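Note: the block below is my_file.csv and it holds CSV, N, CA and C atoms.
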chain,number,residue,atom,x,y,z
A,1,MET,N,36.8,-140.9,99.7
A,1,MET,CA,37.1,-142.2,100.3
A,1,MET,C,38.6,-142.2,100.8
A,2,ALA,N,39.4,-141.3,100.2
A,2,ALA,CA,40.8,-141.3,100.6
A,2,ALA,C,41.0,-140.8,102.0
A,3,GLY,N,40.1,-139.9,102.4
A,3,GLY,CA,40.2,-139.3,103.7
A,3,GLY,C,39.9,-140.4,104.8
A,4,ALA,N,39.0,-141.3,104.5
A,4,ALA,CA,38.8,-142.4,105.5
A,4,ALA,C,39.9,-143.3,105.6
A,5,GLN,N,40.7,-143.5,104.6
A,5,GLN,CA,41.9,-144.4,104.6
A,5,GLN,C,43.0,-143.7,105.4
A,6,ASP,N,43.0,-142.4,105.5
A,6,ASP,CA,44.0,-141.6,106.2
A,6,ASP,C,43.8,-141.6,107.7
A,7,GLN,N,42.7,-142.1,108.1
A,7,GLN,CA,42.3,-142.2,109.6
A,7,GLN,C,42.7,-143.5,110.1
A,8,VAL,N,43.3,-143.5,111.3
A,8,VAL,CA,43.8,-144.8,112.0
A,8,VAL,C,43.1,-144.8,113.3
A,9,GLU,N,42.5,-145.9,113.7
A,9,GLU,CA,41.9,-146.2,115.0
A,9,GLU,C,43.0,-146.7,115.9
A,10,ILE,N,43.2,-146.1,117.0
A,10,ILE,CA,44.3,-146.5,117.9
A,10,ILE,C,43.7,-146.7,119.3
A,11,ARG,N,44.1,-147.8,120.0
A,11,ARG,CA,43.8,-148.0,121.4
A,11,ARG,C,45.2,-148.0,122.1
A,12,PHE,N,45.2,-147.3,123.2
A,12,PHE,CA,46.4,-147.2,124.0
A,12,PHE,C,46.3,-148.1,125.2
A,13,ARG,N,47.2,-149.1,125.3
A,13,ARG,CA,47.1,-150.1,126.4
A,13,ARG,C,48.1,-149.7,127.5
A,14,LEU,N,47.5,-149.5,128.7
A,14,LEU,CA,48.3,-149.0,129.8
A,14,LEU,C,49.0,-150.2,130.5
A,15,MET,N,49.9,-149.9,131.4
A,15,MET,CA,50.7,-151.0,132.0
A,15,MET,C,49.9,-152.0,132.8
A,16,ASP,N,48.7,-151.5,133.4
A,16,ASP,CA,47.9,-152.4,134.2
A,16,ASP,C,46.9,-153.2,133.3
A,17,GLY,N,46.9,-153.0,132.0
A,17,GLY,CA,46.1,-153.8,131.1
A,17,GLY,C,44.8,-153.0,130.7
A,18,SER,N,44.6,-151.9,131.3
A,18,SER,CA,43.4,-151.1,130.9
A,18,SER,C,43.7,-150.3,129.7
A,19,ASP,N,42.7,-149.7,129.0
A,19,ASP,CA,42.9,-149.1,127.8
A,19,ASP,C,42.4,-147.6,127.8
A,20,ILE,N,43.0,-146.8,126.9
A,20,ILE,CA,42.5,-145.5,126.6
A,20,ILE,C,42.1,-145.6,125.1
A,21,GLY,N,40.8,-145.3,124.8
A,21,GLY,CA,40.4,-145.3,123.4
A,21,GLY,C,39.6,-146.5,123.2
A,22,PRO,N,39.3,-146.9,122.0
A,22,PRO,CA,40.0,-146.4,120.7
A,22,PRO,C,39.5,-145.0,120.3
A,23,LYS,N,40.4,-144.4,119.6
A,23,LYS,CA,40.2,-143.0,119.1
A,23,LYS,C,40.8,-142.9,117.7
A,24,SER,N,40.2,-142.1,116.8
A,24,SER,CA,40.6,-142.0,115.5
A,24,SER,C,41.6,-140.8,115.3
A,25,PHE,N,42.7,-141.1,114.6
A,25,PHE,CA,43.7,-140.1,114.4
A,25,PHE,C,44.1,-140.1,112.9
A,26,SER,N,44.5,-138.9,112.4
A,26,SER,CA,45.0,-138.8,111.1
A,26,SER,C,46.4,-139.5,110.9
A,27,ALA,N,46.7,-140.0,109.8
A,27,ALA,CA,48.0,-140.6,109.6
A,27,ALA,C,49.1,-139.6,109.6
A,28,ALA,N,48.8,-138.3,109.5
A,28,ALA,CA,49.8,-137.2,109.6
A,28,ALA,C,50.0,-136.8,111.0
A,29,THR,N,49.3,-137.3,112.0
A,29,THR,CA,49.5,-137.0,113.4
A,29,THR,C,50.9,-137.4,113.9
A,30,SER,N,51.6,-136.5,114.6
A,30,SER,CA,52.9,-136.9,115.1
A,30,SER,C,52.8,-137.7,116.4
A,31,VAL,N,53.8,-138.5,116.7
A,31,VAL,CA,53.8,-139.3,117.9
A,31,VAL,C,53.8,-138.4,119.1
A,32,ALA,N,54.4,-137.2,119.1
A,32,ALA,CA,54.3,-136.3,120.2
A,32,ALA,C,52.9,-135.8,120.4
A,33,THR,N,52.1,-135.7,119.4
A,33,THR,CA,50.7,-135.3,119.5
A,33,THR,C,49.9,-136.5,120.2
A,34,LEU,N,50.2,-137.7,119.8
A,34,LEU,CA,49.6,-138.9,120.4
A,34,LEU,C,49.9,-138.9,121.9
A,35,LYS,N,51.1,-138.6,122.3
A,35,LYS,CA,51.5,-138.6,123.7
A,35,LYS,C,50.7,-137.5,124.4
A,36,GLU,N,50.5,-136.3,123.8
A,36,GLU,CA,49.7,-135.2,124.4
A,36,GLU,C,48.3,-135.7,124.7
A,37,SER,N,47.8,-136.4,123.7
A,37,SER,CA,46.4,-136.9,123.8
A,37,SER,C,46.3,-137.9,125.0
A,38,ILE,N,47.3,-138.7,125.2
A,38,ILE,CA,47.4,-139.7,126.3
A,38,ILE,C,47.4,-138.9,127.6
A,39,LEU,N,48.2,-137.8,127.7
A,39,LEU,CA,48.2,-137.0,128.9
A,39,LEU,C,46.9,-136.5,129.3
A,40,ILE,N,46.1,-136.0,128.3
A,40,ILE,CA,44.8,-135.4,128.5
A,40,ILE,C,43.8,-136.5,128.9
A,41,GLN,N,43.9,-137.7,128.3
A,41,GLN,CA,42.9,-138.7,128.6
A,41,GLN,C,43.3,-139.7,129.7
A,42,TRP,N,44.5,-139.4,130.3
A,42,TRP,CA,45.0,-140.4,131.4
A,42,TRP,C,44.0,-140.4,132.5
A,43,PRO,N,43.6,-141.6,133.0
A,43,PRO,CA,42.6,-141.7,134.1
A,43,PRO,C,43.2,-141.1,135.4
A,44,ARG,N,42.5,-140.2,136.0
A,44,ARG,CA,43.0,-139.4,137.1
A,44,ARG,C,43.1,-140.3,138.4
A,45,GLU,N,42.4,-141.4,138.4
A,45,GLU,CA,42.4,-142.3,139.6
A,45,GLU,C,43.7,-143.2,139.6
A,46,LYS,N,44.4,-143.2,138.5
A,46,LYS,CA,45.6,-144.1,138.5
A,46,LYS,C,46.8,-143.3,139.1
A,47,GLU,N,47.5,-144.1,139.9
A,47,GLU,CA,48.7,-143.5,140.5
A,47,GLU,C,49.9,-143.5,139.5
A,48,ASN,N,50.8,-142.6,139.7
A,48,ASN,CA,52.0,-142.6,138.9
A,48,ASN,C,51.8,-142.3,137.5
A,49,GLY,N,50.8,-141.4,137.2
A,49,GLY,CA,50.6,-141.0,135.8
A,49,GLY,C,51.7,-140.1,135.3
A,50,PRO,N,51.8,-140.0,134.0
A,50,PRO,CA,52.8,-139.1,133.4
A,50,PRO,C,52.4,-137.7,133.6
A,51,ARG,N,53.5,-136.9,133.8
A,51,ARG,CA,53.3,-135.4,134.0
A,51,ARG,C,53.6,-134.6,132.7
A,52,MET,N,54.5,-135.2,131.9
A,52,MET,CA,54.9,-134.5,130.7
A,52,MET,C,55.0,-135.5,129.6
A,53,VAL,N,55.1,-135.0,128.3
A,53,VAL,CA,55.2,-135.8,127.2
A,53,VAL,C,56.5,-136.7,127.2
A,54,LYS,N,57.5,-136.1,127.8
A,54,LYS,CA,58.8,-136.9,127.8
A,54,LYS,C,58.7,-138.1,128.8
A,55,ASP,N,57.7,-138.1,129.7
A,55,ASP,CA,57.5,-139.2,130.6
A,55,ASP,C,56.8,-140.4,129.9
A,56,VAL,N,56.3,-140.3,128.7
A,56,VAL,CA,55.5,-141.3,128.0
A,56,VAL,C,56.4,-141.9,126.9
A,57,MET,N,56.3,-143.2,126.8
A,57,MET,CA,57.0,-143.9,125.7
A,57,MET,C,55.9,-144.8,125.0
A,58,LEU,N,55.8,-144.7,123.7
A,58,LEU,CA,54.8,-145.5,123.0
A,58,LEU,C,55.5,-146.6,122.2
A,59,ILE,N,55.0,-147.8,122.3
A,59,ILE,CA,55.5,-149.0,121.6
A,59,ILE,C,54.5,-149.5,120.7
A,60,SER,N,54.9,-149.7,119.4
A,60,SER,CA,54.0,-150.3,118.4
A,60,SER,C,54.7,-151.3,117.6
A,61,ALA,N,54.2,-152.5,117.5
A,61,ALA,CA,54.8,-153.6,116.8
A,61,ALA,C,56.3,-153.8,117.3
A,62,GLY,N,56.5,-153.7,118.6
A,62,GLY,CA,57.8,-153.9,119.2
A,62,GLY,C,58.8,-152.8,119.0
A,63,LYS,N,58.4,-151.7,118.5
A,63,LYS,CA,59.3,-150.6,118.3
A,63,LYS,C,58.9,-149.4,119.1
A,64,ILE,N,59.9,-148.7,119.7
A,64,ILE,CA,59.7,-147.5,120.4
A,64,ILE,C,59.5,-146.4,119.4
A,65,LEU,N,58.4,-145.6,119.5
A,65,LEU,CA,58.2,-144.6,118.5
A,65,LEU,C,58.8,-143.3,118.9
A,66,GLU,N,59.4,-142.6,117.9
A,66,GLU,CA,60.1,-141.3,118.1
A,66,GLU,C,59.1,-140.2,118.0
A,67,ASN,N,59.2,-139.2,118.8
A,67,ASN,CA,58.3,-138.0,118.8
A,67,ASN,C,58.2,-137.3,117.5
A,68,SER,N,59.2,-137.3,116.7
A,68,SER,CA,59.2,-136.5,115.5
A,68,SER,C,58.6,-137.2,114.3
A,69,ARG,N,58.3,-138.5,114.4
A,69,ARG,CA,57.7,-139.3,113.3
A,69,ARG,C,56.2,-139.1,113.3
A,70,THR,N,55.6,-139.4,112.2
A,70,THR,CA,54.1,-139.3,112.1
A,70,THR,C,53.6,-140.8,112.2
A,71,LEU,N,52.3,-140.8,112.5
A,71,LEU,CA,51.6,-142.1,112.6
A,71,LEU,C,51.7,-142.9,111.4
A,72,GLY,N,51.6,-142.3,110.2
A,72,GLY,CA,51.7,-143.0,108.9
A,72,GLY,C,53.1,-143.6,108.7
A,73,GLU,N,54.2,-143.0,109.2
A,73,GLU,CA,55.5,-143.5,109.1
A,73,GLU,C,55.7,-144.7,110.0
A,74,CYS,N,55.0,-144.7,111.1
A,74,CYS,CA,55.2,-145.7,112.2
A,74,CYS,C,54.3,-147.0,112.0
A,75,GLN,N,53.4,-146.9,111.0
A,75,GLN,CA,52.5,-148.1,110.8
A,75,GLN,C,53.2,-149.3,110.2
A,76,SER,N,52.9,-150.4,110.8
A,76,SER,CA,53.5,-151.7,110.2
A,76,SER,C,52.4,-152.3,109.4
A,77,PRO,N,52.8,-152.6,108.1
A,77,PRO,CA,51.8,-153.2,107.2
A,77,PRO,C,51.4,-154.6,107.7
A,78,LEU,N,52.2,-155.3,108.5
A,78,LEU,CA,51.9,-156.6,108.9
A,78,LEU,C,50.9,-156.6,110.1
A,79,CYS,N,50.9,-155.6,110.9
A,79,CYS,CA,50.1,-155.5,112.1
A,79,CYS,C,48.8,-154.8,111.9
A,80,ASP,N,48.7,-153.9,110.9
A,80,ASP,CA,47.5,-153.1,110.8
A,80,ASP,C,46.5,-153.8,109.8
A,81,ILE,N,45.3,-153.9,110.3
A,81,ILE,CA,44.2,-154.5,109.5
A,81,ILE,C,43.3,-153.3,109.1
A,82,PRO,N,43.1,-153.2,107.8
A,82,PRO,CA,42.2,-152.1,107.3
A,82,PRO,C,40.9,-152.1,108.0
A,83,GLY,N,40.5,-151.0,108.6
A,83,GLY,CA,39.3,-150.9,109.3
A,83,GLY,C,39.3,-151.4,110.7
A,84,GLY,N,40.5,-151.9,111.2
A,84,GLY,CA,40.7,-152.5,112.5
A,84,GLY,C,41.3,-151.4,113.4
A,85,VAL,N,41.4,-151.8,114.7
A,85,VAL,CA,42.0,-151.0,115.7
A,85,VAL,C,43.4,-151.4,116.0
A,86,SER,N,44.3,-150.5,115.9
A,86,SER,CA,45.7,-150.8,116.3
A,86,SER,C,45.9,-150.5,117.8
A,87,THR,N,46.7,-151.4,118.4
A,87,THR,CA,47.0,-151.2,119.8
A,87,THR,C,48.4,-150.7,120.0
A,88,MET,N,48.6,-149.6,120.7
A,88,MET,CA,50.0,-149.2,121.1
A,88,MET,C,50.1,-149.3,122.6
A,89,HIS,N,51.2,-149.7,123.0
A,89,HIS,CA,51.5,-149.9,124.5
A,89,HIS,C,52.1,-148.6,125.0
A,90,VAL,N,51.7,-148.2,126.2
A,90,VAL,CA,52.1,-147.0,126.8
A,90,VAL,C,53.0,-147.4,128.0
A,91,VAL,N,54.2,-146.9,128.0
A,91,VAL,CA,55.1,-147.1,129.2
A,91,VAL,C,55.4,-145.7,129.8
A,92,VAL,N,55.1,-145.6,131.1
A,92,VAL,CA,55.4,-144.3,131.8
A,92,VAL,C,56.7,-144.5,132.5
A,93,GLN,N,57.6,-143.6,132.2
A,93,GLN,CA,58.9,-143.6,132.9
A,93,GLN,C,58.8,-142.9,134.2
A,94,PRO,N,59.2,-143.6,135.3
A,94,PRO,CA,59.0,-143.0,136.6
A,94,PRO,C,59.8,-141.7,136.7
A,95,PRO,N,59.3,-140.8,137.5
A,95,PRO,CA,60.1,-139.6,137.7
A,95,PRO,C,61.4,-139.9,138.4
A,96,MET,N,62.4,-139.1,138.0
A,96,MET,CA,63.8,-139.3,138.6
A,96,MET,C,63.7,-138.8,140.0
A,97,LYS,N,64.2,-139.6,140.9
A,97,LYS,CA,64.3,-139.1,142.3
A,97,LYS,C,65.6,-138.4,142.5
A,98,LYS,N,65.5,-137.3,143.2
A,98,LYS,CA,66.7,-136.5,143.5
A,98,LYS,C,67.6,-137.3,144.4
A,99,ALA,N,68.8,-137.5,143.9
A,99,ALA,CA,69.8,-138.3,144.7
A,99,ALA,C,70.3,-137.4,145.8
A,100,MET,N,70.5,-138.1,146.9
A,100,MET,CA,71.0,-137.4,148.1
A,100,MET,C,72.5,-137.1,147.8
A,101,THR,N,72.8,-135.8,147.7
A,101,THR,CA,74.2,-135.4,147.3
A,101,THR,C,74.9,-135.1,148.6
A,102,GLN,N,76.0,-135.8,148.7
A,102,GLN,CA,76.9,-135.6,149.9
A,102,GLN,C,78.2,-135.0,149.4
A,103,PRO,N,78.8,-134.2,150.2
A,103,PRO,CA,80.1,-133.6,149.7
A,103,PRO,C,81.1,-134.8,149.5
A,104,LYS,N,81.8,-134.7,148.4
A,104,LYS,CA,82.8,-135.7,148.2
A,104,LYS,C,84.0,-135.6,149.2
A,105,GLN,N,84.3,-136.7,149.6
A,105,GLN,CA,85.4,-136.8,150.6
A,105,GLN,C,86.6,-137.6,149.9
A,106,ASN,N,87.8,-137.1,150.2
A,106,ASN,CA,88.9,-137.8,149.6
A,106,ASN,C,89.1,-139.1,150.4
A,107,LYS,N,89.0,-140.2,149.7
A,107,LYS,CA,89.1,-141.5,150.3
A,107,LYS,C,90.4,-142.2,149.8
A,108,CYS,N,91.1,-141.5,149.1
A,108,CYS,CA,92.4,-142.0,148.5
A,108,CYS,C,93.5,-141.6,149.5
A,109,VAL,N,94.3,-142.6,149.8
A,109,VAL,CA,95.4,-142.4,150.7
A,109,VAL,C,96.7,-142.8,150.0
A,110,CYS,N,97.7,-141.9,150.0
A,110,CYS,CA,98.9,-142.3,149.3
A,110,CYS,C,100.0,-142.5,150.4
A,111,THR,N,100.8,-143.5,150.3
A,111,THR,CA,101.8,-143.8,151.2
A,111,THR,C,103.2,-143.7,150.5
A,112,ILE,N,104.1,-142.9,151.0
A,112,ILE,CA,105.4,-142.9,150.3
A,112,ILE,C,106.4,-143.6,151.2
A,113,LEU,N,107.1,-144.6,150.7
A,113,LEU,CA,108.0,-145.4,151.4
A,113,LEU,C,109.4,-145.0,151.3
Target format structure tokens, applied to this file:
Amino acid sequence: MAGAQDQVEIRFRLMDGSDIGPKSFSAATSVATLKESILIQWPREKENGPRMVKDVMLISAGKILENSRTLGECQSPLCDIPGGVSTMHVVVQPPMKKAMTQPKQNKCVCTIL
């Protein structure tokens, strides 16, 4: 019975209100592994999907989850109902656009009187 309590049902809510899951994860699963799972399950028809784990940010109970933490460490006792499904919000950071680099020009003018 202890093994069943170590499993957590999670639904990932995307920015447009659609969901991935719910899916069952072990409490020992790292946040980075959850993000990898999101990358694999990301709907291909959606534009601007994440390309790498670092593009994904997970929010649970109002807190941004760190990659190095486990799911068990991130659980909030107030938000999690035994046997229920927890919802985590997924935020995709847009890719950085390469800035147009122009050679720097001296715009400083000194006047000696």
Checklist entry - Within 6 Å of region 57-72 of chain A, counting all atoms listed in the file, which residues qualify if same-chain residues fewer than 6 places away don't, as a list in words? => result Ser26, Ala27, Ala28, Thr29, Ser30, Val31, Ala32, Thr87, Met88, His89, Val90, Val91, Val92 and Gln93 of chain A
Item to check | Members of region 39-85 of chain A assigned strand (DSSP E) by DSSP, as a PyMOL selection string | outcome: chain A and resi 56-60+63-64+85
Item to check | Protein and nucleic acid residues near (40.3, -145.7, 125.5) (cut-off 9 Å, only C-alpha atoms) as an MDAnalysis selection string | outcome: chainID A and resid 10:13 18:23 41
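The space between CA of Glu73 (chain A) and CA of Phe25 (chain A) spans 13.4 Å.
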Checklist entry - Could you state the separation of atom N of Glu9 (chain A) and atom N of Glu47 (chain A) in Å, given to one decimal place? => result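 Here the two named atoms are 26.7 Å from each other.
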Next on the checklist: Please determine, counting all atoms listed in the file, which residue among A:Lys35, A:Ser24, A:Ser86, A:Met15 has the shortest atom-to-atom distance to Val56 (chain A).
Outcome noted: A:Lys35
Checklist entry - atom N of Asp55 (chain A) to CA of Asp6 (chain A): how many Å, to one decimal? => result 27.4 Å
Next on the checklist: Between A:Gln75, A:Thr111, A:Pro94, A:Gly17, which residue has the minimum interatomic distance to Asn48 (chain A), considering all atoms listed in the file?
Outcome noted: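 Smallest separation from Asn48 (chain A) among the options: A:Pro94.
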